[in-house]
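Participant: Input run_26.cif, format and content: mmCIF, C-alpha atoms and all ligand atoms; chains and numbers go by the auth columns.
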data_my_file
loop_
_atom_site.group_PDB
_atom_site.id
_atom_site.type_symbol
_atom_site.label_atom_id
_atom_site.label_comp_id
_atom_site.label_asym_id
_atom_site.label_seq_id
_atom_site.Cartn_x
_atom_site.Cartn_y
_atom_site.Cartn_z
_atom_site.B_iso_or_equiv
_atom_site.auth_seq_id
_atom_site.auth_asym_id
ATOM 1 C CA VAL A 1 151.880 1.254 -92.164 0.00 1 A
ATOM 2 C CA VAL A 2 148.794 -0.149 -90.541 0.00 2 A
ATOM 3 C CA SER A 3 146.213 1.977 -92.312 0.00 3 A
ATOM 4 C CA TRP A 4 145.716 5.145 -94.330 0.00 4 A
ATOM 5 C CA SER A 5 142.840 7.474 -95.051 0.00 5 A
ATOM 6 C CA ALA A 6 142.252 10.560 -97.160 0.00 6 A
ATOM 7 C CA THR A 7 139.956 13.566 -97.069 0.00 7 A
ATOM 8 C CA ASP A 8 139.519 16.566 -99.369 0.00 8 A
ATOM 9 C CA THR A 9 142.271 18.388 -97.513 0.00 9 A
ATOM 10 C CA GLY A 10 144.923 15.775 -96.802 0.00 10 A
ATOM 11 C CA VAL A 11 145.970 12.236 -96.031 0.00 11 A
ATOM 12 C CA ARG A 12 146.634 10.391 -92.812 0.00 12 A
ATOM 13 C CA VAL A 13 148.935 7.406 -92.363 0.00 13 A
ATOM 14 C CA ASP A 14 148.906 5.268 -89.245 0.00 14 A
ATOM 15 C CA THR A 15 151.948 3.181 -88.386 0.00 15 A
ATOM 16 C CA GLY A 16 150.730 1.824 -85.078 0.00 16 A
ATOM 17 C CA ASP A 17 153.307 3.936 -83.189 0.00 17 A
ATOM 18 C CA ASP A 18 152.651 7.239 -84.932 0.00 18 A
ATOM 19 C CA THR A 19 150.259 9.120 -87.144 0.00 19 A
ATOM 20 C CA TYR A 20 151.478 11.176 -90.092 0.00 20 A
ATOM 21 C CA LEU A 21 149.483 13.905 -91.818 0.00 21 A
ATOM 22 C CA ALA A 22 150.447 15.014 -95.312 0.00 22 A
ATOM 23 C CA GLU A 23 149.069 16.616 -98.440 0.00 23 A
ATOM 24 C CA ARG A 24 149.682 13.621 -100.687 0.00 24 A
ATOM 25 C CA LEU A 25 150.309 9.914 -100.414 0.00 25 A
ATOM 26 C CA ILE A 26 152.108 7.484 -102.715 0.00 26 A
ATOM 27 C CA LEU A 27 151.448 3.817 -101.945 0.00 27 A
ATOM 28 C CA THR A 28 154.012 1.314 -103.263 0.00 28 A
ATOM 29 C CA ALA A 29 153.453 -1.709 -101.043 0.00 29 A
ATOM 30 C CA GLY A 30 154.421 -4.430 -103.528 0.00 30 A
ATOM 31 C CA ALA A 31 152.678 -7.723 -102.772 0.00 31 A
ATOM 32 C CA TRP A 32 151.041 -6.183 -99.713 0.00 32 A
ATOM 33 C CA SER A 33 149.072 -3.849 -102.007 0.00 33 A
ATOM 34 C CA VAL A 34 146.492 -6.625 -102.164 0.00 34 A
ATOM 35 C CA HIS A 35 145.670 -5.726 -98.554 0.00 35 A
ATOM 36 C CA LEU A 36 146.550 -2.008 -98.406 0.00 36 A
ATOM 37 C CA LEU A 37 144.475 -1.311 -101.555 0.00 37 A
ATOM 38 C CA ALA A 38 141.989 -4.140 -101.046 0.00 38 A
ATOM 39 C CA GLU A 39 138.987 -1.864 -101.545 0.00 39 A
ATOM 40 C CA LEU A 40 139.992 -1.322 -105.183 0.00 40 A
ATOM 41 C CA GLY A 41 139.795 -5.020 -106.022 0.00 41 A
ATOM 42 C CA ILE A 42 142.774 -4.803 -108.392 0.00 42 A
ATOM 43 C CA PRO A 43 143.075 -8.267 -109.946 0.00 43 A
ATOM 44 C CA LEU A 44 146.580 -8.992 -108.658 0.00 44 A
ATOM 45 C CA GLU A 45 148.035 -12.425 -108.026 0.00 45 A
ATOM 46 C CA VAL A 46 150.906 -12.740 -105.566 0.00 46 A
ATOM 47 C CA ARG A 47 153.236 -15.570 -106.564 0.00 47 A
ATOM 48 C CA ARG A 48 155.779 -17.386 -104.449 0.00 48 A
ATOM 49 C CA LYS A 49 159.171 -17.326 -106.201 0.00 49 A
ATOM 50 C CA PRO A 50 161.991 -19.403 -104.724 0.00 50 A
ATOM 51 C CA VAL A 51 165.542 -18.436 -105.679 0.00 51 A
ATOM 52 C CA LEU A 52 168.518 -20.749 -105.117 0.00 52 A
ATOM 53 C CA TRP A 53 172.303 -20.317 -105.292 0.00 53 A
ATOM 54 C CA PHE A 54 174.034 -23.398 -106.723 0.00 54 A
ATOM 55 C CA GLU A 55 177.622 -24.496 -106.285 0.00 55 A
ATOM 56 C CA ALA A 56 179.690 -24.853 -109.453 0.00 56 A
ATOM 57 C CA ASP A 57 182.096 -27.797 -109.344 0.00 57 A
ATOM 58 C CA GLU A 58 185.820 -27.139 -109.062 0.00 58 A
ATOM 59 C CA THR A 59 186.472 -27.555 -112.767 0.00 59 A
ATOM 60 C CA HIS A 60 183.816 -25.007 -113.714 0.00 60 A
ATOM 61 C CA ARG A 61 183.989 -22.573 -110.795 0.00 61 A
ATOM 62 C CA ALA A 62 186.114 -20.044 -112.674 0.00 62 A
ATOM 63 C CA LEU A 63 183.556 -20.101 -115.505 0.00 63 A
ATOM 64 C CA ALA A 64 180.813 -19.019 -113.083 0.00 64 A
ATOM 65 C CA SER A 65 182.365 -15.587 -112.526 0.00 65 A
ATOM 66 C CA PRO A 66 180.720 -12.510 -114.110 0.00 66 A
ATOM 67 C CA ASP A 67 183.592 -11.969 -116.554 0.00 67 A
ATOM 68 C CA ARG A 68 183.020 -15.466 -118.007 0.00 68 A
ATOM 69 C CA MET A 69 179.331 -16.192 -117.468 0.00 69 A
ATOM 70 C CA PRO A 70 176.473 -13.972 -118.689 0.00 70 A
ATOM 71 C CA VAL A 71 173.244 -13.194 -116.913 0.00 71 A
ATOM 72 C CA PHE A 72 170.805 -15.356 -118.861 0.00 72 A
ATOM 73 C CA ILE A 73 167.138 -16.118 -119.397 0.00 73 A
ATOM 74 C CA VAL A 74 166.131 -19.446 -120.919 0.00 74 A
ATOM 75 C CA ASP A 75 162.658 -20.167 -122.237 0.00 75 A
ATOM 76 C CA ASP A 76 162.300 -23.937 -122.552 0.00 76 A
ATOM 77 C CA GLU A 77 159.284 -26.256 -122.727 0.00 77 A
ATOM 78 C CA HIS A 78 158.983 -26.150 -118.910 0.00 78 A
ATOM 79 C CA GLY A 79 158.997 -22.372 -118.450 0.00 79 A
ATOM 80 C CA GLU A 80 161.208 -19.303 -118.260 0.00 80 A
ATOM 81 C CA PHE A 81 164.277 -19.563 -116.048 0.00 81 A
ATOM 82 C CA TYR A 82 167.023 -17.041 -115.317 0.00 82 A
ATOM 83 C CA GLY A 83 170.496 -17.168 -113.845 0.00 83 A
ATOM 84 C CA ILE A 84 173.049 -14.727 -112.512 0.00 84 A
ATOM 85 C CA PRO A 85 176.757 -15.605 -112.239 0.00 85 A
ATOM 86 C CA GLN A 86 178.533 -15.911 -108.932 0.00 86 A
ATOM 87 C CA HIS A 87 178.939 -12.342 -107.691 0.00 87 A
ATOM 88 C CA GLU A 88 179.907 -11.262 -104.172 0.00 88 A
ATOM 89 C CA VAL A 89 178.096 -14.246 -102.622 0.00 89 A
ATOM 90 C CA PRO A 90 178.963 -17.903 -103.305 0.00 90 A
ATOM 91 C CA GLY A 91 176.980 -19.766 -105.943 0.00 91 A
ATOM 92 C CA VAL A 92 175.154 -19.122 -109.201 0.00 92 A
ATOM 93 C CA LYS A 93 171.687 -17.685 -108.613 0.00 93 A
ATOM 94 C CA ILE A 94 168.902 -19.521 -110.471 0.00 94 A
ATOM 95 C CA GLY A 95 165.163 -18.888 -110.398 0.00 95 A
ATOM 96 C CA MET A 96 162.039 -19.465 -112.439 0.00 96 A
ATOM 97 C CA HIS A 97 160.373 -16.376 -113.876 0.00 97 A
ATOM 98 C CA SER A 98 157.201 -18.011 -115.178 0.00 98 A
ATOM 99 C CA GLY A 99 154.603 -19.840 -113.105 0.00 99 A
ATOM 100 C CA GLY A 100 154.623 -19.921 -109.332 0.00 100 A
ATOM 101 C CA GLU A 101 152.182 -20.767 -106.584 0.00 101 A
ATOM 102 C CA ALA A 102 149.521 -18.127 -105.867 0.00 102 A
ATOM 103 C CA VAL A 103 149.853 -17.083 -102.221 0.00 103 A
ATOM 104 C CA ASP A 104 148.864 -14.507 -99.639 0.00 104 A
ATOM 105 C CA PRO A 105 151.881 -12.366 -98.670 0.00 105 A
ATOM 106 C CA GLU A 106 150.888 -12.593 -95.005 0.00 106 A
ATOM 107 C CA THR A 107 150.876 -16.375 -94.842 0.00 107 A
ATOM 108 C CA VAL A 108 153.258 -17.513 -97.610 0.00 108 A
ATOM 109 C CA ASN A 109 155.754 -20.231 -96.733 0.00 109 A
ATOM 110 C CA ARG A 110 159.031 -18.323 -97.034 0.00 110 A
ATOM 111 C CA ALA A 111 161.180 -21.407 -96.593 0.00 111 A
ATOM 112 C CA VAL A 112 162.531 -22.908 -99.818 0.00 112 A
ATOM 113 C CA THR A 113 161.458 -26.544 -99.808 0.00 113 A
ATOM 114 C CA GLY A 114 162.771 -29.771 -101.265 0.00 114 A
ATOM 115 C CA ASP A 115 159.964 -29.596 -103.831 0.00 115 A
ATOM 116 C CA ASP A 116 161.130 -26.169 -105.041 0.00 116 A
ATOM 117 C CA TYR A 117 164.523 -27.730 -105.672 0.00 117 A
ATOM 118 C CA GLU A 118 163.471 -31.105 -107.044 0.00 118 A
ATOM 119 C CA GLN A 119 160.403 -30.177 -109.090 0.00 119 A
ATOM 120 C CA THR A 120 161.544 -27.062 -110.920 0.00 120 A
ATOM 121 C CA ILE A 121 165.010 -25.554 -110.539 0.00 121 A
ATOM 122 C CA TRP A 122 167.325 -28.565 -110.398 0.00 122 A
ATOM 123 C CA PRO A 123 165.605 -30.286 -113.363 0.00 123 A
ATOM 124 C CA PHE A 124 166.123 -27.058 -115.343 0.00 124 A
ATOM 125 C CA ILE A 125 169.851 -27.134 -114.535 0.00 125 A
ATOM 126 C CA GLN A 126 170.063 -30.780 -115.527 0.00 126 A
ATOM 127 C CA ARG A 127 168.332 -30.066 -118.835 0.00 127 A
ATOM 128 C CA ASN A 128 170.331 -27.001 -119.833 0.00 128 A
ATOM 129 C CA LEU A 129 173.563 -26.570 -117.882 0.00 129 A
ATOM 130 C CA HIS A 130 176.500 -28.569 -116.634 0.00 130 A
ATOM 131 C CA GLY A 131 179.280 -28.102 -114.104 0.00 131 A
ATOM 132 C CA PHE A 132 177.094 -27.897 -110.980 0.00 132 A
ATOM 133 C CA THR A 133 177.502 -30.149 -107.961 0.00 133 A
ATOM 134 C CA GLY A 134 173.809 -30.023 -106.998 0.00 134 A
ATOM 135 C CA LYS A 135 174.688 -28.431 -103.677 0.00 135 A
ATOM 136 C CA VAL A 136 172.568 -25.408 -102.737 0.00 136 A
ATOM 137 C CA LEU A 137 174.629 -22.716 -100.999 0.00 137 A
ATOM 138 C CA ASP A 138 171.845 -20.299 -100.194 0.00 138 A
ATOM 139 C CA THR A 139 168.149 -19.711 -100.800 0.00 139 A
ATOM 140 C CA SER A 140 165.697 -16.856 -100.734 0.00 140 A
ATOM 141 C CA MET A 141 161.957 -16.515 -101.117 0.00 141 A
ATOM 142 C CA CYS A 142 160.687 -13.662 -103.268 0.00 142 A
ATOM 143 C CA LEU A 143 157.216 -12.576 -104.268 0.00 143 A
ATOM 144 C CA TYR A 144 155.918 -11.407 -107.634 0.00 144 A
ATOM 145 C CA THR A 145 152.784 -9.246 -107.747 0.00 145 A
ATOM 146 C CA VAL A 146 151.296 -10.125 -111.100 0.00 146 A
ATOM 147 C CA SER A 147 148.604 -8.211 -112.980 0.00 147 A
ATOM 148 C CA PRO A 148 146.451 -9.945 -115.639 0.00 148 A
ATOM 149 C CA ASP A 149 148.409 -8.400 -118.551 0.00 149 A
ATOM 150 C CA GLU A 150 151.701 -8.370 -116.588 0.00 150 A
ATOM 151 C CA ASP A 151 151.919 -4.604 -117.003 0.00 151 A
ATOM 152 C CA PHE A 152 152.205 -2.252 -114.075 0.00 152 A
ATOM 153 C CA VAL A 153 149.234 -0.713 -112.286 0.00 153 A
ATOM 154 C CA ILE A 154 150.019 2.947 -111.617 0.00 154 A
ATOM 155 C CA ASP A 155 147.212 5.410 -111.128 0.00 155 A
ATOM 156 C CA ARG A 156 145.449 7.858 -108.881 0.00 156 A
ATOM 157 C CA HIS A 157 143.085 6.339 -106.372 0.00 157 A
ATOM 158 C CA PRO A 158 139.647 6.657 -108.028 0.00 158 A
ATOM 159 C CA GLU A 159 138.075 8.093 -104.858 0.00 159 A
ATOM 160 C CA HIS A 160 141.027 10.079 -103.506 0.00 160 A
ATOM 161 C CA ASN A 161 142.891 12.302 -105.938 0.00 161 A
ATOM 162 C CA ARG A 162 145.598 12.884 -103.350 0.00 162 A
ATOM 163 C CA VAL A 163 146.546 9.227 -103.287 0.00 163 A
ATOM 164 C CA VAL A 164 148.644 7.687 -106.035 0.00 164 A
ATOM 165 C CA PHE A 165 149.669 4.041 -106.109 0.00 165 A
ATOM 166 C CA ALA A 166 152.014 1.784 -108.051 0.00 166 A
ATOM 167 C CA THR A 167 151.861 -1.975 -107.928 0.00 167 A
ATOM 168 C CA GLY A 168 151.530 -5.079 -110.120 0.00 168 A
ATOM 169 C CA PHE A 169 155.133 -4.949 -111.311 0.00 169 A
ATOM 170 C CA SER A 170 154.779 -8.595 -112.325 0.00 170 A
ATOM 171 C CA GLY A 171 158.397 -9.573 -111.732 0.00 171 A
ATOM 172 C CA HIS A 172 159.967 -6.922 -113.957 0.00 172 A
ATOM 173 C CA GLY A 173 159.648 -3.621 -112.133 0.00 173 A
ATOM 174 C CA PHE A 174 163.106 -3.154 -110.678 0.00 174 A
ATOM 175 C CA LYS A 175 164.829 -1.974 -113.826 0.00 175 A
ATOM 176 C CA PHE A 176 162.234 0.789 -114.301 0.00 176 A
ATOM 177 C CA THR A 177 162.639 2.247 -110.814 0.00 177 A
ATOM 178 C CA PRO A 178 164.002 5.692 -111.856 0.00 178 A
ATOM 179 C CA VAL A 179 161.371 6.358 -114.504 0.00 179 A
ATOM 180 C CA ILE A 180 158.553 5.068 -112.287 0.00 180 A
ATOM 181 C CA GLY A 181 159.788 7.403 -109.560 0.00 181 A
ATOM 182 C CA GLU A 182 159.601 10.323 -111.983 0.00 182 A
ATOM 183 C CA TYR A 183 156.138 9.297 -113.135 0.00 183 A
ATOM 184 C CA LEU A 184 154.849 8.974 -109.561 0.00 184 A
ATOM 185 C CA ALA A 185 156.311 12.389 -108.738 0.00 185 A
ATOM 186 C CA SER A 186 154.519 13.895 -111.744 0.00 186 A
ATOM 187 C CA LEU A 187 151.161 12.336 -110.797 0.00 187 A
ATOM 188 C CA THR A 188 151.584 13.528 -107.233 0.00 188 A
ATOM 189 C CA GLY A 189 152.807 17.002 -108.133 0.00 189 A
ATOM 190 C CA SER A 190 149.834 18.019 -110.247 0.00 190 A
ATOM 191 C CA ASP A 191 146.187 16.971 -110.445 0.00 191 A
ATOM 192 C CA ASP A 192 146.338 17.634 -114.191 0.00 192 A
ATOM 193 C CA ALA A 193 149.252 15.305 -114.939 0.00 193 A
ATOM 194 C CA PRO A 194 147.911 12.682 -117.362 0.00 194 A
ATOM 195 C CA VAL A 195 147.641 9.019 -116.351 0.00 195 A
ATOM 196 C CA ARG A 196 149.196 6.639 -118.875 0.00 196 A
ATOM 197 C CA PRO A 197 146.391 4.378 -120.153 0.00 197 A
ATOM 198 C CA ASP A 198 148.766 1.360 -120.383 0.00 198 A
ATOM 199 C CA PHE A 199 149.128 1.377 -116.601 0.00 199 A
ATOM 200 C CA ALA A 200 145.701 2.746 -115.651 0.00 200 A
ATOM 201 C CA LEU A 201 143.345 0.934 -113.334 0.00 201 A
ATOM 202 C CA SER A 202 140.514 1.460 -115.840 0.00 202 A
ATOM 203 C CA ARG A 203 141.954 -1.168 -118.201 0.00 203 A
ATOM 204 C CA PHE A 204 140.614 -3.856 -115.865 0.00 204 A
ATOM 205 C CA ALA A 205 136.922 -4.539 -115.502 0.00 205 A
ATOM 206 C CA LEU A 206 136.828 -4.112 -111.742 0.00 206 A
ATOM 207 C CA VAL A 207 134.207 -5.923 -109.726 0.00 207 A
ATOM 208 C CA PRO A 208 132.646 -3.417 -107.278 0.00 208 A
HETATM 209 C C1 LIG B . 163.340 -13.134 -107.287 0.00 1 B
HETATM 210 C C2 LIG B . 163.014 -11.867 -108.007 0.00 1 B
HETATM 211 C C3 LIG B . 163.782 -11.476 -109.092 0.00 1 B
HETATM 212 C C4 LIG B . 163.483 -10.305 -109.765 0.00 1 B
HETATM 213 N N1 LIG B . 164.268 -9.929 -110.811 0.00 1 B
HETATM 214 C C5 LIG B . 164.008 -8.782 -111.454 0.00 1 B
HETATM 215 C C6 LIG B . 164.830 -8.349 -112.528 0.00 1 B
HETATM 216 O O1 LIG B . 165.790 -9.017 -112.903 0.00 1 B
HETATM 217 N N2 LIG B . 164.519 -7.197 -113.137 0.00 1 B
HETATM 218 C C7 LIG B . 163.466 -6.439 -112.762 0.00 1 B
HETATM 219 O O2 LIG B . 163.232 -5.393 -113.362 0.00 1 B
HETATM 220 N N3 LIG B . 162.660 -6.819 -111.747 0.00 1 B
HETATM 221 C C8 LIG B . 162.909 -7.972 -111.089 0.00 1 B
HETATM 222 N N4 LIG B . 162.106 -8.380 -110.071 0.00 1 B
HETATM 223 C C9 LIG B . 160.893 -7.634 -109.776 0.00 1 B
HETATM 224 C C10 LIG B . 161.114 -6.425 -108.920 0.00 1 B
HETATM 225 O O3 LIG B . 161.867 -6.776 -107.782 0.00 1 B
HETATM 226 C C11 LIG B . 159.732 -5.907 -108.530 0.00 1 B
HETATM 227 O O4 LIG B . 158.987 -5.638 -109.716 0.00 1 B
HETATM 228 C C12 LIG B . 159.845 -4.645 -107.710 0.00 1 B
HETATM 229 O O5 LIG B . 160.638 -4.850 -106.568 0.00 1 B
HETATM 230 C C13 LIG B . 158.455 -4.222 -107.287 0.00 1 B
HETATM 231 O O6 LIG B . 158.581 -3.022 -106.579 0.00 1 B
HETATM 232 P P1 LIG B . 157.486 -2.588 -105.534 0.00 1 B
HETATM 233 O O7 LIG B . 157.968 -1.292 -104.983 0.00 1 B
HETATM 234 O O8 LIG B . 156.132 -2.662 -106.155 0.00 1 B
HETATM 235 O O9 LIG B . 157.484 -3.721 -104.415 0.00 1 B
HETATM 236 P P2 LIG B . 158.616 -4.139 -103.383 0.00 1 B
HETATM 237 O O10 LIG B . 159.975 -4.031 -103.990 0.00 1 B
HETATM 238 O O11 LIG B . 158.180 -5.447 -102.820 0.00 1 B
HETATM 239 O O12 LIG B . 158.522 -3.024 -102.268 0.00 1 B
HETATM 240 C C14 LIG B . 157.377 -2.912 -101.462 0.00 1 B
HETATM 241 C C15 LIG B . 157.853 -2.423 -100.109 0.00 1 B
HETATM 242 O O13 LIG B . 156.725 -2.027 -99.340 0.00 1 B
HETATM 243 C C16 LIG B . 156.929 -2.477 -98.018 0.00 1 B
HETATM 244 N N5 LIG B . 155.609 -2.596 -97.386 0.00 1 B
HETATM 245 C C17 LIG B . 154.579 -3.388 -97.756 0.00 1 B
HETATM 246 N N6 LIG B . 153.515 -3.213 -96.952 0.00 1 B
HETATM 247 C C18 LIG B . 153.888 -2.279 -96.047 0.00 1 B
HETATM 248 C C19 LIG B . 153.220 -1.660 -94.949 0.00 1 B
HETATM 249 N N7 LIG B . 151.956 -1.962 -94.632 0.00 1 B
HETATM 250 N N8 LIG B . 153.915 -0.747 -94.234 0.00 1 B
HETATM 251 C C20 LIG B . 155.200 -0.416 -94.551 0.00 1 B
HETATM 252 N N9 LIG B . 155.874 -0.964 -95.591 0.00 1 B
HETATM 253 C C21 LIG B . 155.223 -1.878 -96.319 0.00 1 B
HETATM 254 C C22 LIG B . 157.622 -3.814 -98.171 0.00 1 B
HETATM 255 O O14 LIG B . 158.283 -4.174 -96.981 0.00 1 B
HETATM 256 C C23 LIG B . 158.577 -3.507 -99.305 0.00 1 B
HETATM 257 O O15 LIG B . 159.790 -2.979 -98.826 0.00 1 B
HETATM 258 C C24 LIG B . 162.384 -9.531 -109.366 0.00 1 B
HETATM 259 C C25 LIG B . 161.609 -9.924 -108.271 0.00 1 B
HETATM 260 C C26 LIG B . 161.916 -11.075 -107.594 0.00 1 B
HETATM 261 C C27 LIG B . 161.058 -11.480 -106.433 0.00 1 B
#
How would this structure read if it were set down as structure tokens?
Ligand SMILES: Cc1cc2nc3c(=O)[nH]c(=O)nc-3n(C[C@H](O)[C@H](O)[C@H](O)COP(=O)(O)OP(=O)(O)OC[C@H]3O[C@@H](n4cnc5c(N)ncnc54)[C@H](O)[C@@H]3O)c2cc1C

Facilitator:
Amino acid sequence: VVSWSATDTGVRVDTGDDTYLAERLILTAGAWSVHLLAELGIPLEVRRKPVLWFEADETHRALASPDRMPVFIVDDEHGEFYGIPQHEVPGVKIGMHSGGEAVDPETVNRAVTGDDYEQTIWPFIQRNLHGFTGKVLDTSMCLYTVSPDEDFVIDRHPEHNRVVFATGFSGHGFKFTPVIGEYLASLTGSDDAPVRPDFALSRFALVP
């Protein structure tokens, strides 16, 4: 989607190759909401979140399987870290939930760097876990879209009733996907459907 616009009678979405006309529009652009909904000035911070898959040593490899190792979250003096046992792909997945460099989704460095490994994730493993060789088997770069209170931002567009958006999932939106889908459908299906104040845009003092 390159751009969108709305009138009293409908919405228009431009993809560069095609133009789509519809009655309603739901925008769920994740980190890219900062650009697609820029005119709203939602105070969102996009954070760079490296994720690494670590090799368990031979003695401990069997313990890294899902029937032996739990999914975990650890909150220590350096931040909140999580891990997921070896499942389908080699290695135990480890990432840091808290913190993260503020970035622009268009220009973020998507390569996991030596600093990501040495400054945050590997020291966490050394502090709290054992049985890892230190070898990284795979990496991925994710993005969090963080709102000031870390709650979601789901609302109607203040100037276009036909446009509903959901963003600011702050690193914990995935598990709510079904209920957010239902909520978005309700907001889109009826102009009278109430907006939940917890997720409303009005809770932020927006700068015009
Ligand atoms: C490493 C990591 C671990 C996580 N772990 C968990 C977890 O354990 N539990 C949990 O609940 N949540 C977790 N999350 C958070 C969860 O993934 C997000 O909250 C959720 O994906 C946000 O959904 P979204 O639809 O807002 O954005 P996204 O999932 O990012 O989806 C946005 C989509 O819009 C597309 N898009 C953007 N701009 C355009 C455009 N202009 N045109 C067309 N398409 C566009 C993007 O390509 C993307 O597919 C994690 C996130 C990360 C990064």

Participant: In file coordinates, which residues lie within 12 Å of (152.0, 3.2, -110.0) using all atoms listed in the file, given as a ChimeraX atom specification?

Facilitator: /A:25-30,33,151-157,163-169,173,176-177,179-188,195-201

Participant: Can you list, as a PyMOL selection string, every protein, DNA or RNA residue that comes within 9 Å of stretch 42-51 of chain A when you count all atoms listed in the file, leaving out same-chain residues fewer than 5 positions away?

Facilitator: chain A and resi 31-34+37+93-97+99-105+108-113+116-117+121+138-148+153+167-168+170+201+204+206-207

Participant: Report as an MDAnalysis selection string all protein, DNA and RNA residues lying within 10 Å of A:Thr7, evaluated on only C-alpha atoms, omitting residues in the same chain fewer than 2 positions from it.

Facilitator: chainID A and resid 5 9:12 23 159:162

Participant: One decimal, Å: what's the distance from atom N7 of ligand LIG 1 (chain B) over to atom CA of A:Tyr20, could you say?

Facilitator: 13.9 Å

Participant: Given all atoms listed in the file, how would the per-residue table for stretch 102-167 of chain A near stretch 60-73 of chain A read, listing every residue at most 10 Å away with its closest atom pair and distance in Å to one decimal, sorted by chain and number, as CSV?

Facilitator:
residue,atom,partner,partner_atom,distance
A:His130,CA,A:His60,CA,8.6
A:Gly131,CA,A:His60,CA,5.5
A:Phe132,CA,A:His60,CA,7.8
A:Thr133,CA,A:His60,CA,10.0

Participant: Determine the nearest neighbour of ligand LIG 1 (chain B) from the options A:Leu40, A:Ala6, A:Leu21, A:Ile84, counting all atoms listed in the file.

Facilitator: A:Ile84

Participant: Provide an axis-aligned box for all listed atoms of ligand LIG 1 (chain B), padding each side by 6 Å; report its centre and its edge lengths in Å to one decimal, as lines of an AutoDock Vina configuration file.

Facilitator:
center_x = 158.9
center_y = -6.8
center_z = -103.8
size_x = 25.8
size_y = 24.7
size_z = 31.1
